[in-house]
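model.txt (compact mmCIF, C-alpha atoms and all ligand atoms)
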# COMPACT_ATOMS: atom_id res chain seq x y z
CA MET C 25 103.86 109.01 96.41
CA ASP C 26 100.48 108.12 97.92
CA ARG C 27 100.95 106.15 101.09
CA ILE C 28 99.62 105.25 104.50
CA VAL C 29 102.11 105.42 107.34
CA LYS C 30 101.25 103.40 110.42
CA ALA C 31 102.71 104.10 113.83
CA THR C 32 102.30 103.45 117.52
CA ALA C 33 103.16 105.87 120.32
CA ALA C 34 103.30 106.13 124.11
CA ASN C 35 104.39 102.52 124.44
CA ALA C 36 101.61 101.35 122.11
CA GLN C 37 98.86 103.07 124.10
CA ILE C 38 97.80 104.74 120.87
CA ARG C 39 98.02 103.81 117.21
CA ILE C 40 98.08 106.22 114.30
CA PHE C 41 97.37 105.98 110.57
CA ALA C 42 98.39 108.95 108.41
CA ALA C 43 97.73 109.08 104.68
CA ASP C 44 98.62 111.12 101.63
CA THR C 45 96.05 110.19 98.96
CA ARG C 46 96.35 113.08 96.49
CA ASP C 47 97.01 110.97 93.37
CA THR C 48 94.36 108.40 94.34
CA VAL C 49 91.66 111.05 94.69
CA GLU C 50 92.78 112.78 91.48
CA GLU C 51 92.48 109.45 89.65
CA ALA C 52 88.94 109.06 91.04
CA ARG C 53 88.11 112.59 89.89
CA ASN C 54 89.38 111.87 86.37
CA ARG C 55 87.55 108.59 86.09
CA HIS C 56 84.20 109.87 87.35
CA ASP C 57 84.52 113.49 86.22
CA THR C 58 83.32 114.74 89.61
CA THR C 59 82.44 118.31 90.56
CA PRO C 60 84.47 119.78 93.48
CA VAL C 61 81.97 118.89 96.20
CA ALA C 62 81.65 115.35 94.81
CA THR C 63 85.46 115.09 94.57
CA ALA C 64 85.73 116.13 98.23
CA ALA C 65 83.07 113.70 99.49
CA LEU C 66 84.33 110.74 97.45
CA GLY C 67 87.96 111.64 98.20
CA ARG C 68 87.39 111.75 101.96
CA LEU C 69 85.68 108.35 101.91
CA LEU C 70 88.42 106.88 99.67
CA CYS C 71 91.04 108.06 102.15
CA ALA C 72 89.15 106.61 105.12
CA GLY C 73 88.63 103.33 103.26
CA ALA C 74 92.31 103.08 102.36
CA MET C 75 93.42 103.62 105.96
CA MET C 76 90.80 101.26 107.40
CA SER C 77 91.70 98.58 104.84
CA THR C 78 95.18 98.36 106.36
CA MET C 79 93.56 97.34 109.68
CA GLN C 80 92.40 94.10 108.03
CA LYS C 81 94.15 90.89 108.97
CA GLY C 82 93.59 88.50 106.05
CA GLU C 83 95.22 88.87 102.63
CA ASP C 84 91.85 88.40 100.84
CA ASP C 85 89.77 90.58 103.18
CA LEU C 86 87.69 93.30 101.57
CA LEU C 87 86.39 96.44 103.23
CA THR C 88 83.44 98.42 101.88
CA LEU C 89 82.30 101.78 103.22
CA LYS C 90 78.89 102.92 102.06
CA ILE C 91 77.33 106.25 102.87
CA THR C 92 73.64 106.43 102.13
CA GLY C 93 72.47 109.99 102.57
CA ASP C 94 69.39 111.92 101.48
CA GLY C 95 71.49 114.77 100.02
CA PRO C 96 71.94 115.39 96.28
CA LEU C 97 75.09 113.22 95.99
CA GLY C 98 73.16 110.03 96.70
CA ALA C 99 75.08 106.96 97.85
CA ILE C 100 78.87 106.95 98.02
CA THR C 101 80.58 103.56 97.91
CA VAL C 102 84.24 102.73 98.48
CA THR C 103 85.88 99.30 98.47
CA ALA C 104 89.46 98.50 99.44
CA ASP C 105 91.45 95.29 99.61
CA SER C 106 93.98 94.56 102.33
CA ASN C 107 96.79 96.10 100.22
CA ALA C 108 95.16 99.56 100.09
CA ASN C 109 94.01 99.15 96.49
CA VAL C 110 90.97 101.36 96.69
CA LYS C 111 88.10 102.18 94.31
CA GLY C 112 84.84 104.02 94.65
CA TYR C 113 82.07 106.08 93.14
CA VAL C 114 79.34 108.51 93.98
CA ALA C 115 75.79 108.11 92.65
CA ASN C 116 75.54 111.70 91.35
CA PRO C 117 79.03 112.97 90.47
CA LYS C 118 77.74 116.22 88.91
CA VAL C 119 76.28 117.82 92.04
CA ASP C 120 77.14 121.48 92.42
CA LEU C 121 76.37 123.42 95.61
CA PRO C 122 77.32 126.88 96.87
CA LEU C 123 80.17 127.02 99.39
CA ASN C 124 79.13 126.78 103.04
CA ALA C 125 79.12 129.62 105.60
CA VAL C 126 82.88 129.34 106.15
CA GLY C 127 83.69 129.30 102.43
CA LYS C 128 84.34 125.55 102.22
CA LEU C 129 82.90 122.87 99.94
CA ASP C 130 79.58 121.91 101.53
CA VAL C 131 80.12 118.16 101.84
CA SER C 132 77.67 117.94 104.75
CA LYS C 133 74.80 119.36 102.71
CA ALA C 134 75.73 117.30 99.63
CA VAL C 135 75.68 114.08 101.71
CA GLY C 136 72.66 114.89 103.88
CA ASN C 137 71.24 112.70 106.65
CA GLY C 138 71.47 108.96 106.53
CA ARG C 139 73.74 106.15 107.57
CA LEU C 140 77.21 104.70 107.23
CA ASP C 141 77.65 100.98 106.59
CA VAL C 142 81.01 99.35 107.16
CA ILE C 143 81.14 95.92 105.55
CA ARG C 144 84.07 93.64 106.28
CA ASP C 145 84.19 90.61 104.02
CA MET C 146 86.62 88.13 105.52
CA GLY C 147 85.70 85.21 103.26
CA LEU C 148 83.16 83.86 105.75
CA LYS C 149 79.56 82.97 104.85
CA GLU C 150 78.27 86.31 106.06
CA PRO C 151 80.28 89.53 106.01
CA TYR C 152 80.50 91.60 109.19
CA VAL C 153 78.33 94.71 108.86
CA GLY C 154 78.51 97.68 111.23
CA GLN C 155 75.97 100.45 110.80
CA THR C 156 75.77 103.88 112.42
CA PRO C 157 73.77 107.03 111.64
CA LEU C 158 75.52 109.96 109.98
CA ILE C 159 76.37 112.60 112.56
CA SER C 160 77.31 115.52 110.34
CA GLY C 161 77.76 114.23 106.78
CA GLU C 162 81.30 115.64 106.86
CA ILE C 163 82.49 112.00 106.80
CA ALA C 164 85.42 112.27 109.27
CA GLU C 165 83.03 112.85 112.17
CA ASP C 166 80.80 110.07 110.89
CA ILE C 167 83.72 107.60 110.84
CA THR C 168 84.75 108.76 114.35
CA TYR C 169 81.22 108.05 115.56
CA TYR C 170 81.28 104.64 113.87
CA PHE C 171 84.51 103.64 115.64
CA ALA C 172 83.22 104.76 119.03
CA ASN C 173 79.77 103.22 118.78
CA SER C 174 80.14 100.17 116.56
CA GLU C 175 83.69 99.04 117.34
CA GLN C 176 83.99 100.63 120.81
CA VAL C 177 87.36 102.13 119.88
CA PRO C 178 87.76 105.81 120.87
CA SER C 179 89.25 107.48 117.79
CA SER C 180 89.97 110.81 116.24
CA VAL C 181 89.63 111.03 112.46
CA GLY C 182 90.70 113.83 110.13
CA LEU C 183 90.03 113.75 106.37
CA GLY C 184 90.56 116.44 103.79
CA VAL C 185 90.50 117.15 100.06
CA LEU C 186 91.68 120.49 98.68
CA VAL C 187 90.45 121.21 95.15
CA ASP C 188 92.62 123.53 93.03
CA ARG C 189 91.41 126.40 90.83
CA ASP C 190 91.50 124.14 87.75
CA LEU C 191 89.30 121.67 89.71
CA SER C 192 92.09 119.10 90.01
CA VAL C 193 92.98 117.70 93.42
CA LYS C 194 95.73 119.74 95.04
CA ARG C 195 95.95 117.92 98.37
CA ALA C 196 94.19 114.94 99.89
CA GLY C 197 94.83 112.90 102.96
CA GLY C 198 93.86 112.08 106.47
CA PHE C 199 94.61 110.46 109.77
CA ILE C 200 93.06 108.08 112.27
CA VAL C 201 94.30 108.07 115.86
CA GLN C 202 93.00 105.30 118.12
CA LEU C 203 93.27 104.80 121.86
CA LEU C 204 94.02 101.28 122.97
CA PRO C 205 92.07 99.97 125.99
CA PHE C 206 94.81 100.63 128.54
CA ALA C 207 95.63 104.22 127.46
CA SER C 208 96.31 106.42 130.49
CA GLU C 209 94.60 109.73 131.31
CA GLU C 210 97.93 111.45 130.81
CA VAL C 211 98.28 110.10 127.24
CA ILE C 212 94.69 111.08 126.41
CA GLU C 213 95.31 114.64 127.59
CA LYS C 214 98.54 114.91 125.65
CA LEU C 215 96.85 113.61 122.52
CA GLU C 216 94.00 116.12 122.83
CA GLU C 217 96.58 118.87 123.11
CA ASN C 218 98.43 117.62 120.01
CA LEU C 219 95.23 117.30 117.98
CA LYS C 220 94.67 121.04 118.45
CA GLN C 221 97.87 121.65 116.44
CA ILE C 222 96.19 120.28 113.29
CA SER C 223 93.48 122.60 112.02
CA ALA C 224 93.03 120.65 108.77
CA VAL C 225 95.03 117.89 107.10
CA THR C 226 95.12 119.73 103.77
CA THR C 227 96.45 122.88 105.45
CA PHE C 228 99.10 120.76 107.16
CA PHE C 229 100.13 119.30 103.77
CA GLU C 230 99.96 122.73 102.10
CA GLN C 231 102.54 123.94 104.60
CA GLY C 232 104.93 121.18 103.57
CA GLY C 233 103.71 118.46 105.92
CA THR C 234 103.91 114.75 105.10
CA PRO C 235 102.23 111.69 106.64
CA GLU C 236 105.45 111.14 108.61
CA SER C 237 105.52 114.68 110.04
CA LEU C 238 101.77 114.43 110.72
CA ILE C 239 102.53 111.45 112.95
CA GLU C 240 105.34 113.43 114.62
CA THR C 241 102.87 116.24 115.37
CA LEU C 242 100.02 114.00 116.54
CA ALA C 243 102.32 111.99 118.80
CA ALA C 244 104.64 114.82 119.90
CA GLY C 245 106.14 114.02 123.29
CA MET C 246 104.93 110.40 123.08
CA GLU C 247 107.81 108.74 121.22
CA PRO C 248 106.10 107.72 117.97
CA ASN C 249 107.36 104.58 116.30
CA ILE C 250 106.62 104.09 112.60
CA THR C 251 105.74 100.43 112.05
CA GLU C 252 104.80 100.24 108.37
CA THR C 253 104.39 102.25 105.17
CA VAL C 254 101.79 101.01 102.68
CA PRO C 255 101.46 102.42 99.11
CA VAL C 256 97.90 103.44 98.15
CA ARG C 257 96.42 103.57 94.68
CA PHE C 258 93.08 103.82 92.92
CA TYR C 259 92.70 100.39 91.41
CA CYS C 260 89.75 98.46 90.00
CA ASN C 261 90.01 94.74 89.41
CA CYS C 262 87.39 94.65 86.66
CA SER C 263 88.42 93.25 83.26
CA ARG C 264 86.88 92.26 79.93
CA GLU C 265 87.24 88.64 80.97
CA ARG C 266 85.20 89.22 84.14
CA VAL C 267 82.49 91.00 82.19
CA GLU C 268 82.43 88.13 79.68
CA LYS C 269 81.92 85.67 82.55
CA ALA C 270 79.07 87.82 83.87
CA LEU C 271 77.43 87.86 80.43
CA ILE C 272 77.78 84.09 80.10
CA SER C 273 76.13 83.62 83.49
CA ILE C 274 73.01 85.72 82.76
CA GLY C 275 71.25 82.82 81.07
CA LYS C 276 70.63 81.68 77.50
CA GLU C 277 67.35 83.49 76.99
CA GLU C 278 68.64 86.90 77.94
CA LEU C 279 71.86 86.57 75.98
CA ASN C 280 69.91 85.35 72.92
CA SER C 281 67.56 88.32 73.08
CA MET C 282 70.62 90.63 73.17
CA ILE C 283 71.99 88.88 70.08
CA GLU C 284 68.64 89.16 68.28
CA GLU C 285 68.59 92.91 68.92
CA GLY C 286 71.54 92.99 66.52
CA LYS C 287 73.18 95.94 68.29
CA PRO C 288 76.40 96.24 70.29
CA VAL C 289 75.90 95.95 74.05
CA THR C 290 77.85 98.17 76.47
CA LEU C 291 78.34 97.34 80.13
CA ASN C 292 79.84 99.87 82.52
CA CYS C 293 81.87 99.19 85.66
CA GLY C 294 80.47 101.62 88.22
CA PHE C 295 83.61 101.62 90.37
CA CYS C 296 86.04 102.83 87.69
CA ASN C 297 83.63 104.02 84.95
CA THR C 298 85.15 101.73 82.28
CA ASP C 299 82.89 100.70 79.38
CA TYR C 300 83.02 97.20 77.91
CA THR C 301 81.36 96.90 74.51
CA PHE C 302 80.40 93.63 72.80
CA THR C 303 79.33 93.31 69.16
CA PRO C 304 76.50 90.86 68.28
CA GLU C 305 79.20 88.53 66.86
CA GLU C 306 81.11 88.61 70.15
CA LEU C 307 77.89 87.95 72.06
CA LYS C 308 77.25 84.93 69.80
CA GLU C 309 80.68 83.56 70.68
CA LEU C 310 79.91 83.99 74.37
CA SER C 311 76.58 82.15 73.95
CA LEU C 312 78.53 79.16 72.62
CA ARG C 313 80.39 79.05 75.91
CA GLN C 314 77.17 78.90 77.96
ZN ZN Z 1 86.19 98.69 87.16
Let me see the structure of the file written as structure tokens.
Ligand code: ZN
Amino acid sequence: MDRIVKATAANAQIRIFAADTRDTVEEARNRHDTTPVATAALGRLLCAGAMMSTMQKGEDDLLTLKITGDGPLGAITVTADSNANVKGYVANPKVDLPLNAVGKLDVSKAVGNGRLDVIRDMGLKEPYVGQTPLISGEIAEDITYYFANSEQVPSSVGLGVLVDRDLSVKRAGGFIVQLLPFASEEVIEKLEENLKQISAVTTFFEQGGTPESLIETLAAGMEPNITETVPVRFYCNCSRERVEKALISIGKEELNSMIEEGKPVTLNCGFCNTDYTFTPEELKELSLRQ
């Protein structure tokens, strides 16, 4: 089951988020029909978004991560609510690139140079927006840089997506470890030592690891204490009703010109790739509700 496990360790001098997001990333792949490198890039950002969404305080808070790079993938957008319902898409899901020098999916090249925006909508007039440049385009390093430079929280982030031979998602997950302001030198050293035990999250999961054992490994010798387990899923809150409301709100003139065309109109939800089609008769009914 996809989940995020939250823990503290070393008497709450560090906090840890560990996630298994295999099914969530596979759902994203199915919905957007992504190529492996697009699956990896979108999957890594979905995992980061899901973990970061559980740092939100308010029930109605929304977190959006947006990577705007100059690589062939174009923009990648992920939104998550405070219950780790996460959705996302990549501008060009069909990008195919050769593997990189170490035989891995070349996410860095597919993303390119650009920036990461972290948008926290807490129901206030203006959302909080943090923006940092992309450091490598590998996404985990870019999120690490964001935490250090925009939130001033020293963190270590690992994200991984392993694509199977049949192009489905075999493993996906990640972790975020954060130092709290009063963390001692001793704890920092121990943590650095422990981090060396994890070469890649997907390898760790391939060898039978779980989010719980990932926490055990990251916090070995520091008495980890699991505080919460949160289920994660790919979920989009779009609906035919919402699309109807949007059509009603576009204005009489525009809706009338759609009706006069005499053809069905299809609107697509970018986040989950669902089509909503309206016949001219249905559009006429909507115009009566304007
Ligand atoms: Zn949708």
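One distance worth recording is that between atom CA of Leu191 of chain C and atom CA of Pro60 of chain C, which is 6.4 Å.
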Residue neighbourhood segment 110-118 of chain C, 6 Å, all atoms listed in the file, exclusion window fewer than 4 positions, as a PyMOL selection string:
chain C and resi 58-59+62+97-104+258-260+295
When you count all atoms listed in the file, which of these residues is closest to ligand ZN 1 (chain Z): C:Asp145, C:Cys262, C:Ala31, C:Leu310?
C:Cys262
7 Å contact set for segment 156-164 of chain C, all atoms listed in the file, chain neighbours under 4 positions out, as a PyMOL selection string:
chain C and resi 68-69+131-132+135-141+168+170+181-183
Go ahead and save the picked residues with C-alpha atoms, as a CSV table (one decimal), in the coordinates of the input.
chain,number,residue,atom,x,y,z
C,68,ARG,CA,87.4,111.8,102.0
C,69,LEU,CA,85.7,108.4,101.9
C,131,VAL,CA,80.1,118.2,101.8
C,132,SER,CA,77.7,117.9,104.8
C,135,VAL,CA,75.7,114.1,101.7
C,136,GLY,CA,72.7,114.9,103.9
C,137,ASN,CA,71.2,112.7,106.6
C,138,GLY,CA,71.5,109.0,106.5
C,139,ARG,CA,73.7,106.2,107.6
C,140,LEU,CA,77.2,104.7,107.2
C,141,ASP,CA,77.6,101.0,106.6
C,168,THR,CA,84.8,108.8,114.4
C,170,TYR,CA,81.3,104.6,113.9
C,181,VAL,CA,89.6,111.0,112.5
C,182,GLY,CA,90.7,113.8,110.1
C,183,LEU,CA,90.0,113.8,106.4
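Proximity to ligand ZN 1 (chain Z) was assessed for C:Val119, C:Met76, C:Ala52, C:Val254 counting all atoms listed in the file; the smallest distance is recorded for C:Ala52.
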Using all atoms listed in the file, what residues lie at most 12 Å away from (94.1, 121.8, 96.2) (file coordinates), given as a ChimeraX atom specification?
/C:46-47,49-50,60,63-64,129,184-197,225-227,229-230
Length of the atom CA of Ser174 of chain C to atom CA of Val153 of chain C vector [Å]:
9.6 Å
May I ask for the distance between atom CA of Thr88 of chain C and atom CA of Phe228 of chain C, given in Å to one decimal place?
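Here the two named atoms are 27.8 Å from each other.
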Report as a list in words all protein, DNA and RNA residues lying within 12 Å of Asp85 of chain C, evaluated on all atoms listed in the file, omitting residues in the same chain fewer than 4 positions from it.
Met76, Ser77, Thr78, Met79, Gln80, Lys81, Thr103, Ala104, Asp105, Ser106, Asn107, Ala108, Asn109, Ile143, Arg144, Asp145, Met146, Gly147, Leu148, Pro151 and Tyr152 of chain C
Between C:Ser281, C:Asn297, C:Asn261, C:Gln202, which residue has the minimum interatomic distance to Ala243 of chain C, considering only C-alpha atoms?
C:Gln202
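Proximity ranking of C:Gly198, C:Ala207, C:Cys293, C:Ala224 relative to Arg266 of chain C places C:Cys293 first, based on only C-alpha atoms.
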Min atom-atom distance to ligand ZN 1 (chain Z) from the set C:His56, C:Gly154, C:Asp120, C:Ala172, counting only C-alpha atoms and all ligand atoms, belongs to C:His56
C:Cys71, C:Ile272, C:Val267, C:Val142 ranked by distance to ligand ZN 1 (chain Z), top pick (using only C-alpha atoms and all ligand atoms)
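Among the listed residues, the smallest separation from ligand ZN 1 (chain Z) belongs to C:Val267.
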Env of segment 283-286 of chain C: 8 Å cut, atoms = all atoms listed in the file, seq-sep filter 5 positions within chain, self excluded. Answer as a list in words.
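Here the qualifying residues turn out to be Pro304, Glu305, Leu307 and Lys308 of chain C.
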Show me, as JSON, the centre and edge lengths in Å to one decimal of the axis-aligned box that covers every listed atom of segment 213-224 of chain C with 8 Å on each side.
{"center_x": 95.8, "center_y": 118.1, "center_z": 118.2, "size_x": 21.5, "size_y": 25.0, "size_z": 34.8}
